[in-house]
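As provided, target-v3.cif (mmCIF, N, CA and C atoms) reads as follows.
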data_structure
loop_
_atom_site.label_atom_id
_atom_site.label_comp_id
_atom_site.auth_asym_id
_atom_site.auth_seq_id
_atom_site.Cartn_x
_atom_site.Cartn_y
_atom_site.Cartn_z
N MET A 10 48.70 99.69 103.70
CA MET A 10 49.00 100.82 104.56
C MET A 10 49.39 100.29 105.94
N ILE A 11 50.35 100.92 106.53
CA ILE A 11 50.78 100.57 107.89
C ILE A 11 50.07 101.50 108.88
N SER A 12 49.53 100.89 109.92
CA SER A 12 48.85 101.65 110.97
C SER A 12 49.61 101.48 112.29
N TYR A 13 49.71 102.56 113.03
CA TYR A 13 50.36 102.53 114.34
C TYR A 13 49.34 102.46 115.47
N ALA A 14 48.09 102.19 115.15
CA ALA A 14 47.04 102.10 116.18
C ALA A 14 47.41 101.10 117.29
N PRO A 15 48.00 99.94 116.94
CA PRO A 15 48.38 99.02 118.03
C PRO A 15 49.39 99.63 119.00
N PHE A 16 50.25 100.50 118.51
CA PHE A 16 51.24 101.16 119.36
C PHE A 16 50.56 101.95 120.46
N TYR A 17 49.54 102.71 120.09
CA TYR A 17 48.86 103.54 121.09
C TYR A 17 48.05 102.69 122.06
N ARG A 18 47.50 101.58 121.59
CA ARG A 18 46.81 100.65 122.50
C ARG A 18 47.81 100.02 123.48
N THR A 19 48.99 99.66 122.96
CA THR A 19 50.02 99.06 123.81
C THR A 19 50.50 100.05 124.86
N LEU A 20 50.71 101.30 124.47
CA LEU A 20 51.10 102.32 125.44
C LEU A 20 50.07 102.41 126.56
N LYS A 21 48.80 102.44 126.19
CA LYS A 21 47.74 102.56 127.18
C LYS A 21 47.69 101.33 128.10
N GLU A 22 47.81 100.13 127.51
CA GLU A 22 47.78 98.90 128.30
C GLU A 22 48.94 98.84 129.29
N LYS A 23 50.10 99.36 128.87
CA LYS A 23 51.28 99.31 129.73
C LYS A 23 51.42 100.55 130.60
N ASP A 24 50.44 101.46 130.49
CA ASP A 24 50.42 102.69 131.28
C ASP A 24 51.71 103.49 131.11
N ILE A 25 52.11 103.66 129.86
CA ILE A 25 53.31 104.44 129.52
C ILE A 25 52.85 105.59 128.63
N THR A 26 53.36 106.77 128.92
CA THR A 26 53.00 107.94 128.13
C THR A 26 54.09 108.25 127.11
N GLU A 27 53.74 109.05 126.13
CA GLU A 27 54.74 109.50 125.16
C GLU A 27 55.81 110.33 125.88
N TYR A 28 55.40 111.09 126.85
CA TYR A 28 56.34 111.89 127.65
C TYR A 28 57.40 110.97 128.28
N GLN A 29 56.96 109.85 128.84
CA GLN A 29 57.91 108.91 129.45
C GLN A 29 58.84 108.32 128.41
N LEU A 30 58.31 108.00 127.22
CA LEU A 30 59.17 107.48 126.16
C LEU A 30 60.28 108.46 125.82
N ILE A 31 59.91 109.73 125.74
CA ILE A 31 60.88 110.75 125.35
C ILE A 31 61.89 111.03 126.47
N PHE A 32 61.40 111.29 127.68
CA PHE A 32 62.30 111.76 128.73
C PHE A 32 62.90 110.66 129.60
N LYS A 33 62.24 109.53 129.73
CA LYS A 33 62.79 108.44 130.53
C LYS A 33 63.62 107.49 129.68
N HIS A 34 63.16 107.26 128.44
CA HIS A 34 63.83 106.28 127.59
C HIS A 34 64.63 106.91 126.46
N GLY A 35 64.61 108.23 126.35
CA GLY A 35 65.40 108.92 125.32
C GLY A 35 64.88 108.71 123.91
N PHE A 36 63.59 108.38 123.78
CA PHE A 36 63.01 108.14 122.46
C PHE A 36 62.79 109.47 121.76
N SER A 37 62.94 109.49 120.47
CA SER A 37 62.85 110.72 119.69
C SER A 37 61.42 111.24 119.57
N ALA A 38 61.24 112.50 119.94
CA ALA A 38 59.94 113.15 119.78
C ALA A 38 59.58 113.25 118.31
N ASN A 39 60.57 113.44 117.47
CA ASN A 39 60.34 113.52 116.03
C ASN A 39 59.78 112.19 115.50
N THR A 40 60.28 111.08 116.00
CA THR A 40 59.78 109.78 115.57
C THR A 40 58.33 109.60 115.99
N LEU A 41 58.00 110.00 117.20
CA LEU A 41 56.60 109.93 117.64
C LEU A 41 55.71 110.80 116.76
N HIS A 42 56.21 111.96 116.38
CA HIS A 42 55.47 112.84 115.48
C HIS A 42 55.24 112.15 114.14
N ARG A 43 56.27 111.51 113.62
CA ARG A 43 56.15 110.78 112.35
C ARG A 43 55.11 109.67 112.45
N MET A 44 55.11 108.97 113.56
CA MET A 44 54.16 107.88 113.74
C MET A 44 52.73 108.41 113.82
N LYS A 45 52.55 109.52 114.51
CA LYS A 45 51.21 110.12 114.62
C LYS A 45 50.65 110.50 113.26
N HIS A 46 51.54 110.81 112.34
CA HIS A 46 51.11 111.23 111.01
C HIS A 46 51.25 110.11 109.97
N GLY A 47 51.42 108.88 110.45
CA GLY A 47 51.43 107.72 109.56
C GLY A 47 52.64 107.60 108.66
N LYS A 48 53.73 108.23 109.04
CA LYS A 48 54.96 108.18 108.24
C LYS A 48 55.77 106.94 108.61
N ALA A 49 56.70 106.60 107.75
CA ALA A 49 57.54 105.41 107.94
C ALA A 49 58.52 105.59 109.09
N ILE A 50 58.82 104.47 109.76
CA ILE A 50 59.89 104.44 110.76
C ILE A 50 60.84 103.30 110.36
N THR A 51 62.02 103.32 110.90
CA THR A 51 63.00 102.28 110.56
C THR A 51 62.76 101.02 111.38
N LEU A 52 63.34 99.92 110.90
CA LEU A 52 63.26 98.68 111.66
C LEU A 52 64.02 98.81 112.98
N THR A 53 65.06 99.60 113.00
CA THR A 53 65.80 99.84 114.23
C THR A 53 64.91 100.53 115.25
N THR A 54 64.12 101.49 114.80
CA THR A 54 63.18 102.18 115.69
C THR A 54 62.13 101.21 116.19
N LEU A 55 61.63 100.37 115.30
CA LEU A 55 60.64 99.38 115.68
C LEU A 55 61.21 98.41 116.72
N GLU A 56 62.43 98.00 116.51
CA GLU A 56 63.10 97.12 117.47
C GLU A 56 63.28 97.81 118.82
N THR A 57 63.64 99.07 118.81
CA THR A 57 63.80 99.84 120.05
C THR A 57 62.48 99.93 120.81
N LEU A 58 61.40 100.19 120.09
CA LEU A 58 60.09 100.26 120.74
C LEU A 58 59.71 98.91 121.35
N CYS A 59 59.95 97.84 120.61
CA CYS A 59 59.66 96.50 121.14
C CYS A 59 60.45 96.24 122.41
N PHE A 60 61.70 96.67 122.44
CA PHE A 60 62.55 96.49 123.63
C PHE A 60 62.00 97.31 124.80
N ILE A 61 61.73 98.58 124.55
CA ILE A 61 61.26 99.46 125.62
C ILE A 61 59.93 98.97 126.19
N LEU A 62 59.02 98.58 125.29
CA LEU A 62 57.67 98.19 125.71
C LEU A 62 57.55 96.70 126.03
N ASN A 63 58.63 95.95 125.79
CA ASN A 63 58.63 94.51 126.03
C ASN A 63 57.43 93.87 125.31
N CYS A 64 57.39 94.07 123.99
CA CYS A 64 56.26 93.58 123.21
C CYS A 64 56.74 93.06 121.85
N GLN A 65 55.81 92.60 121.06
CA GLN A 65 56.08 92.10 119.72
C GLN A 65 55.79 93.18 118.68
N VAL A 66 56.29 92.98 117.47
CA VAL A 66 56.10 93.94 116.38
C VAL A 66 54.61 94.22 116.15
N GLY A 67 53.78 93.19 116.23
CA GLY A 67 52.35 93.34 116.02
C GLY A 67 51.67 94.21 117.07
N ASP A 68 52.37 94.45 118.18
CA ASP A 68 51.84 95.34 119.21
C ASP A 68 52.17 96.80 118.91
N ILE A 69 52.93 97.03 117.82
CA ILE A 69 53.34 98.37 117.43
C ILE A 69 52.69 98.78 116.10
N VAL A 70 52.71 97.87 115.14
CA VAL A 70 52.19 98.18 113.80
C VAL A 70 51.25 97.08 113.32
N GLU A 71 50.39 97.46 112.38
CA GLU A 71 49.57 96.47 111.69
C GLU A 71 49.44 96.89 110.23
N TYR A 72 49.30 95.89 109.39
CA TYR A 72 49.12 96.15 107.95
C TYR A 72 47.64 96.15 107.64
N ILE A 73 47.19 97.21 106.98
CA ILE A 73 45.80 97.31 106.55
C ILE A 73 45.81 97.40 105.03
N PRO A 74 45.31 96.36 104.36
CA PRO A 74 45.31 96.39 102.89
C PRO A 74 44.45 97.54 102.36
N GLU A 75 44.96 98.19 101.35
CA GLU A 75 44.20 99.26 100.72
C GLU A 75 43.32 98.64 99.64
N ASP A 76 42.13 99.18 99.48
CA ASP A 76 41.24 98.68 98.44
C ASP A 76 41.81 99.02 97.07
N SER A 77 41.83 98.03 96.21
CA SER A 77 42.39 98.25 94.87
C SER A 77 41.32 98.64 93.88
#

Kindly present the structure from the file in structure tokens form.
Amino acid sequence: MISYAPFYRTLKEKDITEYQLIFKHGFSANTLHRMKHGKAITLTTLETLCFILNCQVGDIVEYIPEDS
């Protein structure tokens, strides 16, 4: 399972709000909604977030193995 928990920690560390992502950087509110609900995002979106936040992929997503 992919978790976006690192994304929210990174936002807090960088003192950036979702509002700023949407209105200052033109980031899609729909994409943020998808992330909040654990839905998939594209690699292009991931790359855009890394650019905006000046961070690495691991600062946005993490893989959590599901118990088999």

field: Output of the PyMOL selection byres (((chain A and resi 54 and name CA) around 12) and name CA), listed as a ChimeraX atom specification
entry: /A:35-37,39-41,43-44,49-53,55-61,66,69-70

task: Name the residues in contact with Thr19 in chain A at a cut-off of 7 Å, using only C-alpha atoms, excluding same-chain residues fewer than 4 positions from it; report them as a PyMOL selection string.
output: chain A and resi 15+23+68

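Straight-line separation from CA of Tyr17 in chain A to CA of Glu71 in chain A: 11.8 Å.
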
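Rounded to one decimal, atom C of Gly47 in chain A and atom N of Asp24 in chain A lie 22.8 Å from each other.
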
field: Backbone-only DSSP, strand (DSSP E or B) members of chain A, as a ChimeraX atom specification
entry: /A:11-12,71-72

- prompt: If you run DSSP on this backbone, which residues of chain A come out as alpha helix (DSSP H), and could you give them as a PyMOL selection string?
  reply: chain A and resi 14-22+27-32+38-45+52-62

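Proximity ranking of A:Leu62, A:Gly67, A:Lys48, A:Glu27 relative to Ile11 in chain A places A:Lys48 first, based on only N, CA and C atoms.
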
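Atom to atom, atom C of Asp76 in chain A and atom N of Met10 in chain A stand 9.6 Å apart.
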
field: Nearest residue to Cys64 in chain A from the set A:Thr26, A:Ala38, A:Arg18, A:Lys33 (distances using only C-alpha atoms)
entry: A:Arg18

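Nearest residue to Ser12 in chain A, choosing from A:His34, A:His42, A:Ile73, A:Gln65 and counting only N, CA and C atoms: A:Ile73.
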